[in-house]
Structures are given as C-alpha cells and as structure tokens.
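These notes are about the structure you will find just below.
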Amino acid sequence: MLPGGNGMSEVRNPNDTPNLEDLLQLGIQTARAGNKPNARMIFEQVLAQDPENERAWLWMAAVAETPTDRIRYLNTVLQLNPNNSAAKKELERIHHRLESSNTQVIRYGLMGLGVFLVLVFCAIGLLLLLH
C-alpha cells in the first residue's frame with residue numbers, strides 16, 4: 001500500500017519504462033553505493049539512447065575500469081562540452097599524477113644505475129688490488 005493511499009496497491013503498466021533521467025539517477029545511486037559494474041551497465045544503457053549525455057559520460061569516467069577508459073570518457077565529455085570544469089580538473093589531476101609517477105621512475109632508475117656503477121667500479125678496483 002502506498003503511503004496516504006486508499007488501500008489499493010499501485011499497478012504499473014508493463015510498458016512503463018524509466019526515462020533517461022530516471023535511469024541516470026539509478027546509475028548515480030548505484031555508483032555511490034559502490035557497485036561500479038552495475039553502474040557502468042546502467043550508464044551504458046543511457047548512452048546507448050543518448051550518446052551525447054555529458055553527465056552519463058562523466059559518471060562513466062567515475063566508474064571506469066581502467067585509467068585509460070577514464071581518460072577516454074573524460075575526453076569525450078570535453079568533446080561534448082569543452083568548458084566542463086569537472087572533466088578538465090580530473091584530467092589535470094590524472095596527468096599530474098602520471099607525471100609524478102614518471103618522475104619517480106626516472107629518479108629511482110637513475111639511483112639504481114648509480115648504485116650499479118659504484119658496485120662495478122668497486123669490483124674493478126678490488127680486482128686490480130688482487131692482481
């Protein structure tokens with residue numbers, strides 16, 4: 001029984017399907033509940049009907065399986081709306097994090113090379129002392 005109803009249960013028409021906004025809201029709720037796979041499926045349904053739905057693409061980025069997918073979805077948002085500040089900020093954050101990671105890889109790689117060269121020179125010096 002519905003609250004404040006007349007005691008009759010609600011009968012839904014089997015042809016009633018949720019509109020895109022309802023589907024989008026369901027996807028958002030599902031994403032916020034932490035169920036990313038189901039949220040992705042819901043957003044895919046929205047995008048199948050409305051491929052230019054900026055909000056659906058933005059949420060697809062939020063529940064993306066891989067960083068590559070996330071970047072692709074954010075770029076799609078910016079193709080649809082070059083002024084989307086959320087997509088811009090997120091892409092900047094991703095690029096900054098990638099640059100930091102690359103810098104660390106180079107730093108540790110150079111330190112490893114330095115340690116290796118020190119060990120090689122020590123071994124050569126030791127061999128020269130023994131002969």
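Letters A, B, ... go to the chains of the structure tokens in the order shown; residues in each chain start at 1; ligands are counted from 1 in the same order.
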
Name the residues in contact with A:Asn38 at a cut-off of 12 Å, using only C-alpha atoms, excluding same-chain residues fewer than 2 positions from it; report them as an NGL selection string. :A and (23 or 26-36 or 40-45 or 60 or 63-65)

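Using only C-alpha atoms, the smallest distance between any of A:Ala56, A:Ala62, A:Leu128, A:Val115 and A:Glu90 comes from A:Ala62.
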
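Minimum atom-to-atom distances from A:Asn19, A:Phe116, A:Pro67, A:Ala61 to A:Val46 were compared using only C-alpha atoms, and the lowest value belongs to A:Asn19.
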
Can you work out which one of A:Ile124, A:Pro37, A:His96, A:Trp59 has the shortest atom-to-atom distance to A:Gln25, counting only C-alpha atoms?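 Looking at the shortest contact to A:Gln25, the residue is A:Trp59.
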
Going by DSSP on the backbone, which residues of stretch 6-125 of chain A come out as alpha helix (DSSP H)? List them as a count of residues only. 91

Which is closer to A:Ala86 than all the others in A:Phe121, A:Gly114, A:Leu74, A:Leu20, using only C-alpha atoms?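 Closest to A:Ala86, using only C-alpha atoms: A:Leu74.
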
One decimal, in Å: what's the spacing between atom CA of A:Glu92 and atom CA of A:Leu110? 26.8 Å
